[in-house]
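Dropping protein-v4.pdb in here (PDB, C-alpha atoms):
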ATOM      1  CA  MET A  13       3.059  54.305 -54.281
ATOM      2  CA  ASN A  14       6.805  54.466 -54.580
ATOM      3  CA  THR A  15       8.191  55.724 -51.296
ATOM      4  CA  ARG A  16      11.015  57.589 -53.001
ATOM      5  CA  ALA A  17       8.511  59.582 -54.972
ATOM      6  CA  LEU A  18       7.483  61.316 -51.772
ATOM      7  CA  PHE A  19      10.888  62.869 -51.550
ATOM      8  CA  THR A  20      12.441  65.423 -53.786
ATOM      9  CA  PRO A  21      15.026  63.468 -55.702
ATOM     10  CA  ALA A  22      18.671  64.389 -55.435
ATOM     11  CA  THR A  23      19.447  67.424 -57.504
ATOM     12  CA  ASN A  24      21.734  65.777 -60.020
ATOM     13  CA  ALA A  25      23.432  62.558 -60.926
ATOM     14  CA  MET A  26      26.686  63.529 -59.238
ATOM     15  CA  THR A  27      24.953  63.956 -55.901
ATOM     16  CA  LEU A  28      23.487  60.502 -56.247
ATOM     17  CA  VAL A  29      26.847  58.975 -57.024
ATOM     18  CA  ARG A  30      28.459  60.779 -54.114
ATOM     19  CA  ASN A  31      25.756  59.585 -51.732
ATOM     20  CA  GLU A  32      26.179  56.002 -52.821
ATOM     21  CA  VAL A  33      29.928  56.147 -52.407
ATOM     22  CA  GLU A  34      29.542  57.773 -49.005
ATOM     23  CA  ARG A  35      27.137  55.083 -47.862
ATOM     24  CA  MET A  36      29.376  52.327 -49.135
ATOM     25  CA  PHE A  37      32.292  53.569 -47.097
ATOM     26  CA  ASP A  38      30.149  54.278 -44.079
ATOM     27  CA  ASN A  39      28.978  50.698 -44.150
ATOM     28  CA  VAL A  40      32.481  49.350 -44.320
ATOM     29  CA  PHE A  41      33.899  51.490 -41.573
ATOM     30  CA  SER A  42      30.986  52.050 -39.233
ATOM     31  CA  SER A  43      31.750  50.605 -35.832
ATOM     32  CA  GLY A  44      28.202  49.534 -35.148
ATOM     33  CA  ILE A  45      26.195  46.646 -36.486
ATOM     34  CA  GLY A  46      23.635  48.918 -38.063
ATOM     35  CA  THR A  47      24.481  49.691 -41.654
ATOM     36  CA  ARG A  48      22.586  52.944 -41.775
ATOM     37  CA  THR A  49      24.581  56.091 -42.372
ATOM     38  CA  PHE A  50      24.938  57.956 -39.122
ATOM     39  CA  PRO A  51      23.879  60.633 -38.753
ATOM     40  CA  SER A  52      21.290  60.846 -41.516
ATOM     41  CA  LEU A  53      21.202  64.287 -43.115
ATOM     42  CA  ASN A  54      18.633  66.465 -44.785
ATOM     43  CA  MET A  55      19.460  69.740 -46.484
ATOM     44  CA  ILE A  56      17.058  72.498 -47.427
ATOM     45  CA  ASP A  57      17.690  75.592 -49.489
ATOM     46  CA  THR A  58      15.890  78.797 -48.575
ATOM     47  CA  ASP A  59      16.358  82.307 -49.934
ATOM     48  CA  ASN A  60      18.825  83.415 -47.293
ATOM     49  CA  ALA A  61      20.160  80.276 -45.681
ATOM     50  CA  ILE A  62      20.965  76.602 -46.012
ATOM     51  CA  PHE A  63      19.326  74.437 -43.361
ATOM     52  CA  VAL A  64      20.988  71.157 -42.503
ATOM     53  CA  GLU A  65      19.298  68.744 -40.181
ATOM     54  CA  ALA A  66      20.841  65.561 -38.776
ATOM     55  CA  GLU A  67      19.261  62.775 -36.775
ATOM     56  CA  MET A  68      21.636  61.871 -33.962
ATOM     57  CA  PRO A  69      19.714  60.399 -31.040
ATOM     58  CA  GLY A  70      21.738  60.092 -27.864
ATOM     59  CA  VAL A  71      24.492  62.490 -28.913
ATOM     60  CA  GLN A  72      25.355  65.160 -26.346
ATOM     61  CA  MET A  73      26.284  68.721 -27.372
ATOM     62  CA  THR A  74      29.666  68.272 -25.656
ATOM     63  CA  ASP A  75      30.432  65.199 -27.787
ATOM     64  CA  LEU A  76      29.623  66.871 -31.085
ATOM     65  CA  GLU A  77      31.853  68.910 -33.385
ATOM     66  CA  VAL A  78      30.547  70.901 -36.325
ATOM     67  CA  VAL A  79      33.113  72.292 -38.756
ATOM     68  CA  ILE A  80      32.616  74.327 -41.909
ATOM     69  CA  HIS A  81      35.733  74.492 -44.041
ATOM     70  CA  ASP A  82      36.295  74.991 -47.743
ATOM     71  CA  GLY A  83      32.655  74.564 -48.646
ATOM     72  CA  MET A  84      32.381  71.315 -46.705
ATOM     73  CA  LEU A  85      30.340  70.702 -43.594
ATOM     74  CA  THR A  86      31.748  68.047 -41.283
ATOM     75  CA  LEU A  87      29.897  66.567 -38.320
ATOM     76  CA  SER A  88      31.844  64.368 -35.968
ATOM     77  CA  GLY A  89      31.255  63.005 -32.515
ATOM     78  CA  ARG A  90      30.277  59.992 -30.537
ATOM     79  CA  ARG A  91      27.421  58.531 -28.610
ATOM     80  CA  ASP A  92      27.224  55.989 -25.843
ATOM     81  CA  VAL A  93      25.356  52.798 -26.563
ATOM     82  CA  THR A  94      25.314  51.223 -23.145
ATOM     83  CA  THR A  95      24.089  47.891 -21.852
ATOM     84  CA  PRO A  96      22.431  47.875 -18.432
ATOM     85  CA  ASP A  97      24.480  46.201 -15.689
ATOM     86  CA  GLY A  98      24.391  42.433 -15.764
ATOM     87  CA  ALA A  99      22.132  42.326 -18.812
ATOM     88  CA  ASN A 100      22.327  40.142 -21.893
ATOM     89  CA  THR A 101      21.672  41.829 -25.192
ATOM     90  CA  LEU A 102      18.973  39.963 -27.089
ATOM     91  CA  ARG A 103      18.836  42.266 -30.058
ATOM     92  CA  ARG A 104      21.002  45.077 -31.348
ATOM     93  CA  GLU A 105      19.881  47.255 -34.215
ATOM     94  CA  ARG A 106      21.241  50.548 -32.990
ATOM     95  CA  GLY A 107      24.857  51.131 -33.602
ATOM     96  CA  VAL A 108      27.673  53.576 -34.203
ATOM     97  CA  LEU A 109      29.637  54.850 -31.292
ATOM     98  CA  GLU A 110      31.799  57.293 -33.195
ATOM     99  CA  PHE A 111      30.972  59.024 -36.419
ATOM    100  CA  GLU A 112      32.279  61.530 -38.912
ATOM    101  CA  ARG A 113      30.434  62.727 -41.965
ATOM    102  CA  SER A 114      31.161  65.425 -44.491
ATOM    103  CA  ILE A 115      28.850  66.916 -47.019
ATOM    104  CA  ALA A 116      29.495  69.573 -49.638
ATOM    105  CA  LEU A 117      27.528  72.776 -49.191
ATOM    106  CA  PRO A 118      25.847  74.024 -52.358
ATOM    107  CA  THR A 119      26.847  77.669 -51.887
ATOM    108  CA  ASN A 120      29.198  79.774 -49.824
ATOM    109  CA  VAL A 121      27.910  80.353 -46.312
ATOM    110  CA  GLU A 122      28.817  82.773 -43.547
ATOM    111  CA  SER A 123      30.106  80.439 -40.867
ATOM    112  CA  GLU A 124      30.176  83.401 -38.463
ATOM    113  CA  GLY A 125      26.408  83.682 -38.522
ATOM    114  CA  ALA A 126      25.776  79.949 -38.326
ATOM    115  CA  ASN A 127      23.430  78.678 -35.696
ATOM    116  CA  ALA A 128      23.300  75.134 -34.297
ATOM    117  CA  VAL A 129      20.661  73.608 -32.034
ATOM    118  CA  LEU A 130      20.637  70.040 -30.738
ATOM    119  CA  ARG A 131      17.216  69.080 -29.453
ATOM    120  CA  ASN A 132      15.578  65.688 -28.887
ATOM    121  CA  GLY A 133      18.309  63.961 -30.846
ATOM    122  CA  VAL A 134      18.013  66.226 -33.881
ATOM    123  CA  LEU A 135      20.707  68.725 -34.843
ATOM    124  CA  THR A 136      19.499  71.751 -36.774
ATOM    125  CA  LEU A 137      22.026  73.987 -38.473
ATOM    126  CA  SER A 138      21.112  77.289 -39.999
ATOM    127  CA  LEU A 139      23.869  78.545 -42.298
ATOM    128  CA  PRO A 140      23.334  82.033 -43.729
ATOM    129  CA  LYS A 141      24.316  82.301 -47.373
ATOM    130  CA  SER A 142      27.115  84.642 -48.304
ATOM    131  CA  PHE A 143      25.866  87.885 -49.750
ATOM    132  CA  ASN A 144      27.187  86.926 -53.153
ATOM    133  CA  ALA A 145      25.284  83.639 -53.077
ATOM    134  CA  GLN A 146      21.922  85.231 -52.342
ATOM    135  CA  ALA A 147      19.511  85.751 -55.189
ATOM    136  CA  ARG A 148      19.227  89.412 -56.040
ATOM    137  CA  GLN A 149      17.254  91.387 -58.460
ATOM    138  CA  ILE A 150      19.357  93.776 -60.501
ATOM    139  CA  THR A 151      17.607  96.923 -61.497
ATOM    140  CA  VAL A 152      18.204  97.955 -65.069
ATOM    141  CA  THR A 153      18.516 101.682 -65.431
ATOM    142  CA  LYS A 154      18.185 103.776 -68.510
ATOM    143  CA  ASP A 155      21.201 105.505 -69.935
TER     144      ASP A 155
ATOM    145  CA  MET B  27      16.231  33.831 -26.384
ATOM    146  CA  ASN B  28      13.529  34.138 -23.824
ATOM    147  CA  THR B  29      10.048  33.617 -25.200
ATOM    148  CA  ASN B  30       8.656  36.379 -23.038
ATOM    149  CA  MET B  31       9.322  38.979 -25.656
ATOM    150  CA  THR B  32       9.303  38.877 -29.419
ATOM    151  CA  THR B  33       9.857  41.672 -31.881
ATOM    152  CA  TYR B  34       7.567  41.928 -34.844
ATOM    153  CA  ASN B  35      10.102  42.013 -37.615
ATOM    154  CA  ASN B  36       7.643  42.700 -40.339
ATOM    155  CA  CYS B  37       5.506  45.182 -38.528
ATOM    156  CA  CYS B  38       6.608  48.354 -40.149
ATOM    157  CA  GLY B  39       8.847  47.700 -43.087
ATOM    158  CA  THR B  40      12.344  46.342 -43.163
ATOM    159  CA  GLY B  41      14.449  49.262 -42.131
ATOM    160  CA  HIS B  42      14.507  52.705 -40.707
ATOM    161  CA  ASN B  43      13.578  54.341 -43.957
ATOM    162  CA  ALA B  44      11.075  51.736 -45.025
ATOM    163  CA  LYS B  45       7.507  52.826 -44.876
ATOM    164  CA  SER B  46       4.676  50.611 -43.828
ATOM    165  CA  ASN B  47       2.783  49.327 -46.813
ATOM    166  CA  GLU B  48      -0.477  49.204 -44.956
ATOM    167  CA  TYR B  49      -0.661  52.983 -44.947
ATOM    168  CA  ASP B  50       0.481  53.605 -48.489
ATOM    169  CA  HIS B  51      -2.940  53.307 -50.002
ATOM    170  CA  ALA B  52      -4.235  56.033 -47.752
ATOM    171  CA  THR B  53      -3.274  59.673 -47.600
ATOM    172  CA  LYS B  54       0.331  60.844 -47.576
ATOM    173  CA  ARG B  55       0.242  61.149 -43.817
ATOM    174  CA  PRO B  56       0.382  59.350 -41.492
ATOM    175  CA  GLN B  57       3.596  57.636 -42.498
ATOM    176  CA  TYR B  58       5.276  55.485 -39.943
ATOM    177  CA  TYR B  59       8.931  54.736 -39.464
ATOM    178  CA  ARG B  60      10.367  51.731 -37.730
ATOM    179  CA  ALA B  61      12.642  52.841 -34.900
ATOM    180  CA  PRO B  62      15.856  50.811 -34.544
ATOM    181  CA  ILE B  63      16.012  49.130 -31.139
ATOM    182  CA  ASP B  64      18.267  47.295 -28.740
ATOM    183  CA  VAL B  65      16.736  44.774 -26.339
ATOM    184  CA  HIS B  66      18.444  43.794 -23.110
ATOM    185  CA  GLU B  67      17.452  41.302 -20.455
ATOM    186  CA  ASN B  68      18.597  40.769 -16.905
ATOM    187  CA  ASP B  69      17.128  38.854 -13.968
ATOM    188  CA  GLU B  70      14.480  41.465 -13.185
ATOM    189  CA  LEU B  71      13.502  43.068 -16.446
ATOM    190  CA  PHE B  72      13.663  43.522 -20.184
ATOM    191  CA  THR B  73      14.819  46.884 -21.478
ATOM    192  CA  ILE B  74      13.978  48.191 -24.935
ATOM    193  CA  VAL B  75      16.053  51.131 -26.150
ATOM    194  CA  ALA B  76      14.749  52.823 -29.298
ATOM    195  CA  ASP B  77      16.211  55.593 -31.462
ATOM    196  CA  MET B  78      13.352  58.010 -32.005
ATOM    197  CA  PRO B  79      14.920  61.367 -32.907
ATOM    198  CA  GLY B  80      12.560  64.318 -32.846
ATOM    199  CA  THR B  81      10.164  62.842 -30.309
ATOM    200  CA  THR B  82       9.429  64.166 -26.845
ATOM    201  CA  ALA B  83       7.920  62.434 -23.806
ATOM    202  CA  GLU B  84       4.572  64.122 -24.499
ATOM    203  CA  GLY B  85       4.438  62.718 -28.014
ATOM    204  CA  ILE B  86       5.080  59.099 -27.066
ATOM    205  CA  GLU B  87       2.242  56.652 -26.562
ATOM    206  CA  ILE B  88       2.811  53.177 -25.170
ATOM    207  CA  SER B  89       0.015  50.655 -24.884
ATOM    208  CA  VAL B  90      -0.336  46.980 -23.985
ATOM    209  CA  GLU B  91      -3.209  44.972 -25.332
ATOM    210  CA  ASP B  92      -3.588  41.238 -25.945
ATOM    211  CA  ASN B  93       0.073  40.596 -25.142
ATOM    212  CA  THR B  94       1.153  43.209 -27.660
ATOM    213  CA  LEU B  95       3.197  46.188 -26.606
ATOM    214  CA  GLU B  96       2.787  49.054 -29.018
ATOM    215  CA  VAL B  97       5.047  52.099 -29.100
ATOM    216  CA  LYS B  98       4.171  55.212 -31.066
ATOM    217  CA  GLY B  99       6.181  58.408 -31.225
ATOM    218  CA  LYS B 100       4.855  61.574 -32.730
ATOM    219  CA  VAL B 101       7.180  63.702 -34.823
ATOM    220  CA  SER B 102       6.016  67.133 -35.875
ATOM    221  CA  ASN B 103       6.523  68.100 -39.489
ATOM    222  CA  ARG B 104       9.368  70.449 -38.755
ATOM    223  CA  TYR B 105      10.103  72.000 -42.093
ATOM    224  CA  GLN B 106       7.194  71.569 -44.359
ATOM    225  CA  ASP B 107       7.378  74.107 -47.160
ATOM    226  CA  LEU B 108      10.469  75.690 -45.651
ATOM    227  CA  GLY B 109      12.306  75.651 -48.941
ATOM    228  CA  ARG B 110      13.697  73.502 -51.679
ATOM    229  CA  VAL B 111      14.978  70.113 -50.528
ATOM    230  CA  LEU B 112      18.526  69.639 -51.800
ATOM    231  CA  HIS B 113      19.372  66.422 -50.069
ATOM    232  CA  GLN B 114      17.200  64.006 -48.138
ATOM    233  CA  GLU B 115      18.200  60.856 -46.334
ATOM    234  CA  TYR B 116      15.233  60.542 -44.032
ATOM    235  CA  GLY B 117      11.601  61.515 -44.063
ATOM    236  CA  ILE B 118       9.702  63.214 -41.309
ATOM    237  CA  GLY B 119       7.077  60.926 -39.858
ATOM    238  CA  ASP B 120       5.917  59.223 -36.706
ATOM    239  CA  PHE B 121       7.623  56.163 -35.248
ATOM    240  CA  HIS B 122       5.756  52.965 -34.659
ATOM    241  CA  ARG B 123       6.776  49.537 -33.444
ATOM    242  CA  ARG B 124       5.093  46.536 -31.873
ATOM    243  CA  PHE B 125       6.352  43.739 -29.666
ATOM    244  CA  ARG B 126       4.737  40.533 -28.503
ATOM    245  CA  ILE B 127       5.141  40.088 -24.774
ATOM    246  CA  GLY B 128       4.425  36.949 -22.777
ATOM    247  CA  ASP B 129       2.658  36.442 -19.475
ATOM    248  CA  GLY B 130       6.040  36.538 -17.795
ATOM    249  CA  ILE B 131       5.979  40.330 -17.935
ATOM    250  CA  ASP B 132       4.170  42.363 -15.329
ATOM    251  CA  ALA B 133       2.327  44.732 -17.695
ATOM    252  CA  SER B 134       1.173  46.988 -14.853
ATOM    253  CA  GLN B 135       4.784  47.832 -13.996
ATOM    254  CA  ILE B 136       5.996  48.801 -17.480
ATOM    255  CA  ASN B 137       7.579  52.244 -17.427
ATOM    256  CA  ALA B 138       9.429  54.429 -19.890
ATOM    257  CA  THR B 139      11.665  57.469 -20.161
ATOM    258  CA  CYS B 140      12.648  59.634 -23.114
ATOM    259  CA  LYS B 141      15.817  61.680 -23.442
ATOM    260  CA  ASP B 142      17.772  63.121 -26.384
ATOM    261  CA  GLY B 143      15.569  61.307 -28.874
ATOM    262  CA  ILE B 144      16.036  57.920 -27.218
ATOM    263  CA  LEU B 145      13.131  56.047 -25.686
ATOM    264  CA  THR B 146      13.852  53.514 -22.964
ATOM    265  CA  VAL B 147      11.043  51.128 -22.010
ATOM    266  CA  ARG B 148      11.463  48.900 -18.962
ATOM    267  CA  LEU B 149       9.367  45.740 -18.714
ATOM    268  CA  PRO B 150       9.710  44.133 -15.281
ATOM    269  CA  LYS B 151       9.318  40.371 -15.157
ATOM    270  CA  ALA B 152       6.464  38.972 -13.122
ATOM    271  CA  ALA B 153       7.614  37.765  -9.715
ATOM    272  CA  SER B 154       6.701  34.196 -10.628
ATOM    273  CA  VAL B 155       9.285  34.002 -13.417
ATOM    274  CA  GLN B 156      12.146  35.783 -11.699
ATOM    275  CA  ALA B 157      15.051  33.578 -10.770
ATOM    276  CA  ARG B 158      15.162  33.151  -7.041
ATOM    277  CA  THR B 159      17.657  31.768  -4.643
ATOM    278  CA  ILE B 160      16.053  29.781  -1.848
ATOM    279  CA  GLU B 161      17.847  30.237   1.358
ATOM    280  CA  VAL B 162      18.393  27.042   3.301
ATOM    281  CA  ARG B 163      18.346  27.496   7.022
ATOM    282  CA  ALA B 164      20.015  25.153   9.463
ATOM    283  CA  GLU B 165      17.555  23.405  11.732
TER     284      GLU B 165
END
Written as structure tokens, that's how I'd like the structure from this file.
Amino acid sequence: MNTRALFTPATNAMTLVRNEVERMFDNVFSSGIGTRTFPSLNMIDTDNAIFVEAEMPGVQMTDLEVVIHDGMLTLSGRRDVTTPDGANTLRRERGVLEFERSIALPTNVESEGANAVLRNGVLTLSLPKSFNAQARQITVTKD
Amino acid sequence: MNTNMTTYNNCCGTGHNAKSNEYDHATKRPQYYRAPIDVHENDELFTIVADMPGTTAEGIEISVEDNTLEVKGKVSNRYQDLGRVLHQEYGIGDFHRRFRIGDGIDASQINATCKDGILTVRLPKAASVQARTIEVRAE
């Protein structure tokens, strides 16, 4: 079984290209040894809102900034990766002390009604769609 | 590197998003993810720090058997059928990782804490392998 087949593929070719470019730059500039994009993001489209979820273990609410501007969502912050006193590090796979990631939102959202929860190292953002972006049924009336 | 602790590199795939092949022939779930770790050592203990976002203390299971330390973290399927997935960089699944530990670790004293999606496991060294300074007294 192809593992990618379990996931819904990216919506279009442009998204794929953008992701690849993003990852490339993240790898070059990430301060940690790990080459994984941090934080990893998932985005889900529902009728009334866009849900964005980000895995950011060890990040504190006070060290996190979430900005929505011009159709872009930007997450920035830092986390402490500490070494116990007097210890040698035998293996380091976790990385990234400071991060900043931006992702384009697929529709206009009401940033006023946005809701963010950081729990167990997972950030969940609920971004209500603008009224104009919500699917509506238009009733056709007779003349 | 001290031989008291070895990480199984090939236990659960090659990276965070790699799935274990041994489960692929079975049903879609369970799928296991390999948590990235740091390992530290000082005179008294080894410390394993693992990124396991989405797990809580209740969902973590740690066992030691035949010199193998096994760590499992349960992650609930948070948004199954919530809507259409537009963008996905990680899957939702449990974490799993194994380590070989030597006799130099006092298995009865292993303890762990979980906070903000980070699991910290402390493996105290057995008294017999801890570096000691022998005090010399004047006669």
Show me, as a PDB file with C-alpha atoms, in the coordinates of the input, every residue of chain B with an atom at most 7 Å from chain A, counting only C-alpha atoms.
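Below you can see part.pdb, which holds the result:
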ATOM      1  CA  MET B  27      16.231  33.831 -26.384  1.00  0.00           C
ATOM      2  CA  ASP B  50       0.481  53.605 -48.489  1.00  0.00           C
ATOM      3  CA  PRO B  62      15.856  50.811 -34.544  1.00  0.00           C
ATOM      4  CA  ILE B  63      16.012  49.130 -31.139  1.00  0.00           C
ATOM      5  CA  ASP B  64      18.267  47.295 -28.740  1.00  0.00           C
ATOM      6  CA  VAL B  65      16.736  44.774 -26.339  1.00  0.00           C
ATOM      7  CA  HIS B  66      18.444  43.794 -23.110  1.00  0.00           C
ATOM      8  CA  GLU B  67      17.452  41.302 -20.455  1.00  0.00           C
ATOM      9  CA  ASN B  68      18.597  40.769 -16.905  1.00  0.00           C
ATOM     10  CA  ASP B  77      16.211  55.593 -31.462  1.00  0.00           C
ATOM     11  CA  MET B  78      13.352  58.010 -32.005  1.00  0.00           C
ATOM     12  CA  PRO B  79      14.920  61.367 -32.907  1.00  0.00           C
ATOM     13  CA  GLY B  80      12.560  64.318 -32.846  1.00  0.00           C
ATOM     14  CA  THR B  81      10.164  62.842 -30.309  1.00  0.00           C
ATOM     15  CA  THR B  82       9.429  64.166 -26.845  1.00  0.00           C
ATOM     16  CA  LEU B 108      10.469  75.690 -45.651  1.00  0.00           C
ATOM     17  CA  GLY B 109      12.306  75.651 -48.941  1.00  0.00           C
ATOM     18  CA  ARG B 110      13.697  73.502 -51.679  1.00  0.00           C
ATOM     19  CA  VAL B 111      14.978  70.113 -50.528  1.00  0.00           C
ATOM     20  CA  LEU B 112      18.526  69.639 -51.800  1.00  0.00           C
ATOM     21  CA  HIS B 113      19.372  66.422 -50.069  1.00  0.00           C
ATOM     22  CA  GLN B 114      17.200  64.006 -48.138  1.00  0.00           C
ATOM     23  CA  GLU B 115      18.200  60.856 -46.334  1.00  0.00           C
ATOM     24  CA  TYR B 116      15.233  60.542 -44.032  1.00  0.00           C
ATOM     25  CA  LYS B 141      15.817  61.680 -23.442  1.00  0.00           C
ATOM     26  CA  ASP B 142      17.772  63.121 -26.384  1.00  0.00           C
ATOM     27  CA  GLY B 143      15.569  61.307 -28.874  1.00  0.00           C
ATOM     28  CA  ILE B 144      16.036  57.920 -27.218  1.00  0.00           C
TER      29      ILE B 144
END
Between CA of Asn137 in chain B and CA of Arg158 in chain B, what is the spacing in Å? 23.0 Å
Which is closer to Ser138 in chain A than all the others in A:His81, A:Thr86, A:Thr151, A:Ser123, using all atoms listed in the file? A:Ser123
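The coordinates place CA of Asp69 in chain B at 23.2 Å from CA of Asp92 in chain A.
Checking B:Thr32, B:Phe121, B:Ile74, B:Glu84 one by one against Tyr58 in chain B, counting only C-alpha atoms, you find the shortest gap at B:Phe121.
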CA of Thr119 in chain A to CA of Glu77 in chain A measures 21.1 Å
